[in-house]
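Participant: Below is one structure. I have some questions about it.
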Number of protein chains: 2
Amino acid sequence: MTLNRQWLLAARPSGMIGPKNFKYVETSIPKVANGEVLVKNLFLSFDPTQRNWMVDKPGYLPPVELGEVMRAGSVSQVIESQHSDFAIGELVQTTGCWQDYAVVVPGQGPTGINKLPPGVSPEMMLSILGITGMTAYFGLMEHGQPKAGETVLVSGAAGATGSVVGQIAKLKGCRVVGIAGGPDKCAWLKDVAGFDAVIDYKNENVSEQIAIHCPDKWDVFFDNVSGPILEAALEHLNLHSRVVMCGGISNYNNIEPAAGPNNLSNLVTNRGRMQGFIILDYLPRAMEAIEALMGWVASGDIIYQVDMQEGFENIPRTLQRLYTGKNLGKQLLKIADPI
Amino acid sequence: MTLNRQWLLAARPSGMIGPKNFKYVETSIPKVANGEVLVKNLFLSFDPTQRNWMVDKPGYLPPVELGEVMRAGSVSQVIESQHSDFAIGELVQTTGCWQDYAVVVPGQGPTGINKLPPGVSPEMMLSILGITGMTAYFGLMEHGQPKAGETVLVSGAAGATGSVVGQIAKLKGCRVVGIAGGPDKCAWLKDVAGFDAVIDYKNENVSEQIAIHCPDKWDVFFDNVSGPILEAALEHLNLHSRVVMCGGISNYNNIEPAAGPNNLSNLVTNRGRMQGFIILDYLPRAMEAIEALMGWVASGDIIYQVDMQEGFENIPRTLQRLYTGKNLGKQLLKIADPI
């Protein structure tokens, strides 16, 4: 009898998360009721925001409960279907969570269940055409509102969202400066992703380097990181600048909340704006982003990078990679091949 | 021979400003060239932002130089005119600075030189119809965008801007909660200015009181204060909330920059916006605000409060009143009666 392997949330996080926060169990494969679909997870998505779901605090999604399977996006294959829209063998994107098998109800869950379009691989569906690519697209276009000739600064620039933000901004005629950790990521951003300049926050003074690489200051700061990098950035904002608040990965594993930037008043003198957003609000417009991004990928204008791990046992430590800066590009893990 | 008394900027501020930062001198009355106007200052305006002008740091206006007359808004009377638009005896609003007599050039200076409309007193021109009233109007309407039924939270609520913000928000159908220091200011806000609820930050826990008085959280936070009050407010923001960043008077006299709020990430989860603005950008639209405010004052829908000091020798310590919370409503000082 085949079992359903699962990683449950076992302990709410305090400080850096890791395998200690999760518990491995084996259960039976769930039954499917009318209107439901049974899927087998093939690839799991790892996203910085997952750390926030582990905390018992009201958020944009309910917290994962202790003893509940850890929530995660997935590309999965339909194994059994009691819903006329889905056939056995089809590949879908859904919220399969950290387990082999999941029962999903079409129309429910954070992202619902969506078939992979023809020619779209699981890696694309979970990266450039998935939540992270759409976050880059809508965050930059709706909240950053880049104009040709402007300077766009991106933190977490070698991540799945930041790397796409920079490339879209280049396509919009902007000067693009990325902030990332370590020479490898910086070299990749400059040589492969086509950023105009990069700053290695692990080895350089970020504020000084922003002054050098943004001679006209910056107009858009797409911030995935928050913390001291946000403070450094706010030293160099231009008049009428926009801060796109996408995330604050530098703070997610703090035990005590970290102080905010000491120079928020620069937003007043420069008439700047900071705007937070959640990509789930834009899912009704997903096709707008997907069509644009597919076109840019097909034309070679945008490249995307996937950091693929393997093995069910490695799931918890793969999530940890995001917060220790190990990943270059979108962090995925492969559980199984399709049938 | 009549002399021109002046207060010069003598020392850039470190910590709380006061008389030590200024030097009293007497000079001769300046000569007037063609196209210029000589005015005698009658009333001076005191505004929190003046502290920022004293610092040698690029801002939205150039810093006041050491040895230069301290910059200030004024209502003044035309004494001599070499400009056909202005006649001797007319009352004008301009940037007369901390002195008895000023030469002004129509069309120049932060606010130019504007005649007082019929029926408008100097007190009105420098408060409800001046920079502080317009700041309230444009800050709330353009950046706060209040909708009927929403909750508007105001810090520095007993000040010249905050008190008007709350009253406009009431007129727009909002629930209005003010934060001010001390029972007298709180009583005035509730009993005279018509706020729905008030929080005394000197004697109450601000975050707990916001939770009590904003049962549906807040939708607009008009912040004149920044610092710990901003942090307390960010604990209770509603989805799609707007923070109108008007000023940060709690930080202006810090020697070291104070840490920012530790919960900026609440802007992300709640899709919130923080927007700084400078009223000078709106001066081309001044009449829009003035007409609305004059109407509300005439109908009794908005009251305004002036805190009037007297005496040229008291100018420096009158500025200090703003940062020690002594003023209720708009801080002015009378230098002289009109002719």
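Identifiers for the structure tokens are assigned positionally: chains receive A, B, ... in sequence, residues are indexed from 1 per chain, and ligands are indexed from 1 in the order shown.
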Using only C-alpha atoms and a distance of at most 6 Å, pull out the residues of chain B that contact chain A, as a list in words.

Facilitator: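 Output check: Tyr60, Pro257, Ala258, Ala259, Gly260, Pro261, Asn262, Leu267, Val268, Thr269, Arg271, Gly272, Arg273, Met274, Gln275, Gly276 and Phe277 of chain B.
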
Participant: At a cut-off of 6 Å, using only C-alpha atoms, what residues contact stretch 187-197 of chain B? Leave out same-chain residues fewer than 2 positions from it and give the result as a list in words.

Facilitator: Val176, Val177, Pro183, Asp184 and Lys185 of chain B

Participant: Mind checking which residues fall within 12 Å of B:Lys170, counting only C-alpha atoms, ignoring those fewer than 4 positions away in the same chain, and posting them as a list in words?

Facilitator: Leu140, Pro146, Lys147, Ala148, Gly149, Glu150, Thr151, Val152, Leu153, Val154, Ser163, Val164, Val165, Gly166, Cys174, Arg175, Val176, Val177, Gly178, Ala193, Gly194, Phe195, Asp196, Ala197, Trp296, Asp301 and Ile302 of chain B

Participant: As number ranges by chain, please: the residues near B:Glu68 (cut-off 6 Å, only C-alpha atoms, same-chain neighbours under 3 positions excluded).

Facilitator: B: 8-9, 65

Participant: Just how far from atom CA of A:Ile339 is atom CA of A:Tyr24, in Å to one decimal?

Facilitator: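 Going from atom CA of A:Tyr24 over to atom CA of A:Ile339, I get 24.9 Å.
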
Participant: Using DSSP on the backbone, list every residue of stretch 39-175 of chain A that comes out as strand (DSSP E or B), and give them as number ranges by chain.

Facilitator: A: 39-45, 69, 74-81, 91-94, 99, 101-104, 114-115, 151-155, 159, 175

Participant: Kindly export the residues of the current selection with N, CA, C and O atoms, as a CSV table (one decimal), in the first residue's frame.

Facilitator:
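File written: result.csv
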```
chain,number,residue,atom,x,y,z
A,39,VAL,N,-4.5,14.8,-6.4
A,39,VAL,CA,-3.3,15.1,-7.2
A,39,VAL,C,-2.0,14.5,-6.5
A,39,VAL,O,-2.0,14.3,-5.2
A,40,LYS,N,-1.0,14.2,-7.3
A,40,LYS,CA,0.3,13.8,-6.7
A,40,LYS,C,1.2,15.0,-7.0
A,40,LYS,O,1.4,15.4,-8.1
A,41,ASN,N,1.9,15.4,-5.9
A,41,ASN,CA,2.8,16.6,-6.1
A,41,ASN,C,4.1,16.1,-6.8
A,41,ASN,O,4.7,15.1,-6.4
A,42,LEU,N,4.5,16.9,-7.8
A,42,LEU,CA,5.8,16.6,-8.5
A,42,LEU,C,6.9,17.6,-8.1
A,42,LEU,O,8.0,17.2,-7.9
A,43,PHE,N,6.5,18.9,-8.0
A,43,PHE,CA,7.4,20.0,-7.7
A,43,PHE,C,6.8,20.8,-6.6
A,43,PHE,O,5.6,21.2,-6.7
A,44,LEU,N,7.6,21.2,-5.7
A,44,LEU,CA,7.1,22.2,-4.6
A,44,LEU,C,7.8,23.5,-4.8
A,44,LEU,O,9.0,23.6,-5.2
A,45,SER,N,7.1,24.6,-4.6
A,45,SER,CA,7.6,25.9,-4.6
A,45,SER,C,8.0,26.4,-3.2
A,45,SER,O,7.3,26.1,-2.2
A,69,VAL,N,-0.4,20.0,7.7
A,69,VAL,CA,0.6,19.9,6.7
A,69,VAL,C,1.0,21.3,6.3
A,69,VAL,O,0.2,22.2,6.1
A,74,SER,N,2.5,24.1,-5.6
A,74,SER,CA,3.0,22.9,-6.2
A,74,SER,C,2.6,22.9,-7.7
A,74,SER,O,1.7,23.5,-8.1
A,75,VAL,N,3.4,22.1,-8.4
A,75,VAL,CA,2.9,21.5,-9.7
A,75,VAL,C,2.7,20.1,-9.4
A,75,VAL,O,3.5,19.4,-8.9
A,76,SER,N,1.5,19.6,-9.8
A,76,SER,CA,1.0,18.3,-9.4
A,76,SER,C,0.4,17.6,-10.6
A,76,SER,O,0.1,18.3,-11.6
A,77,GLN,N,0.1,16.3,-10.5
A,77,GLN,CA,-0.5,15.6,-11.5
A,77,GLN,C,-1.8,15.0,-11.0
A,77,GLN,O,-1.8,14.4,-9.9
A,78,VAL,N,-2.8,15.1,-11.9
A,78,VAL,CA,-4.1,14.5,-11.5
A,78,VAL,C,-4.1,13.0,-11.5
A,78,VAL,O,-3.7,12.4,-12.5
A,79,ILE,N,-4.4,12.4,-10.3
A,79,ILE,CA,-4.3,10.9,-10.1
A,79,ILE,C,-5.7,10.3,-10.2
A,79,ILE,O,-5.9,9.2,-10.7
A,80,GLU,N,-6.6,11.1,-9.7
A,80,GLU,CA,-8.0,10.6,-9.6
A,80,GLU,C,-8.9,11.9,-9.7
A,80,GLU,O,-8.6,12.9,-9.1
A,81,SER,N,-10.0,11.8,-10.4
A,81,SER,CA,-10.8,13.0,-10.6
A,81,SER,C,-12.3,12.7,-10.4
A,81,SER,O,-12.8,11.8,-11.0
A,91,LEU,N,-1.3,17.8,-15.8
A,91,LEU,CA,-0.5,18.6,-14.9
A,91,LEU,C,-1.2,19.9,-14.5
A,91,LEU,O,-1.7,20.6,-15.3
A,92,VAL,N,-1.2,20.2,-13.2
A,92,VAL,CA,-1.8,21.4,-12.7
A,92,VAL,C,-0.9,22.1,-11.7
A,92,VAL,O,0.0,21.5,-11.1
A,93,GLN,N,-1.2,23.4,-11.6
A,93,GLN,CA,-0.6,24.2,-10.5
A,93,GLN,C,-1.6,24.4,-9.4
A,93,GLN,O,-2.8,24.7,-9.7
A,94,THR,N,-1.2,24.1,-8.2
A,94,THR,CA,-2.2,24.3,-7.1
A,94,THR,C,-1.4,24.5,-5.7
A,94,THR,O,-0.2,24.8,-5.8
A,99,GLN,N,3.5,17.3,0.9
A,99,GLN,CA,3.0,15.9,1.0
A,99,GLN,C,3.1,15.3,-0.4
A,99,GLN,O,3.2,16.1,-1.4
A,101,TYR,N,0.5,13.5,-1.7
A,101,TYR,CA,-0.9,13.5,-2.4
A,101,TYR,C,-1.7,14.5,-1.7
A,101,TYR,O,-1.7,14.7,-0.5
A,102,ALA,N,-2.5,15.2,-2.5
A,102,ALA,CA,-3.4,16.2,-1.9
A,102,ALA,C,-4.8,16.1,-2.6
A,102,ALA,O,-4.9,15.8,-3.8
A,103,VAL,N,-5.8,16.3,-1.8
A,103,VAL,CA,-7.1,16.5,-2.4
A,103,VAL,C,-7.4,18.0,-2.6
A,103,VAL,O,-7.2,18.7,-1.6
A,104,VAL,N,-7.7,18.3,-3.8
A,104,VAL,CA,-8.0,19.8,-4.0
A,104,VAL,C,-9.4,19.9,-4.6
A,104,VAL,O,-9.9,19.0,-5.3
A,114,ASN,N,-5.0,25.2,-11.5
A,114,ASN,CA,-4.8,25.7,-12.8
A,114,ASN,C,-4.0,24.8,-13.7
A,114,ASN,O,-2.9,24.4,-13.3
A,115,LYS,N,-4.6,24.4,-14.9
A,115,LYS,CA,-3.8,23.5,-15.8
A,115,LYS,C,-2.6,24.2,-16.3
A,115,LYS,O,-2.7,25.5,-16.6
A,151,THR,N,15.8,55.4,-12.7
A,151,THR,CA,16.6,54.4,-12.1
A,151,THR,C,15.8,53.5,-11.2
A,151,THR,O,15.1,54.0,-10.3
A,152,VAL,N,15.9,52.2,-11.4
A,152,VAL,CA,15.2,51.2,-10.6
A,152,VAL,C,16.2,50.4,-9.7
A,152,VAL,O,17.2,49.8,-10.3
A,153,LEU,N,16.1,50.5,-8.4
A,153,LEU,CA,17.0,49.7,-7.5
A,153,LEU,C,16.2,48.5,-7.0
A,153,LEU,O,15.0,48.6,-6.7
A,154,VAL,N,16.8,47.4,-7.0
A,154,VAL,CA,16.2,46.1,-6.6
A,154,VAL,C,17.0,45.4,-5.5
A,154,VAL,O,18.2,45.2,-5.7
A,155,SER,N,16.4,45.1,-4.4
A,155,SER,CA,17.0,44.3,-3.4
A,155,SER,C,16.6,42.8,-3.5
A,155,SER,O,15.5,42.6,-4.1
A,159,GLY,N,17.0,36.8,-6.5
A,159,GLY,CA,15.9,35.9,-6.2
A,159,GLY,C,15.0,35.8,-7.3
A,159,GLY,O,15.1,36.5,-8.4
A,175,ARG,N,17.5,52.4,-16.0
A,175,ARG,CA,18.7,52.0,-15.5
A,175,ARG,C,18.4,51.1,-14.3
A,175,ARG,O,17.6,51.5,-13.4
```

Participant: Using only C-alpha atoms, which of B:Thr27, B:Asn253, B:Gln209, B:Gln305 sits nearest B:Arg12?

Facilitator: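 Closest to B:Arg12 of all the choices is B:Asn253.
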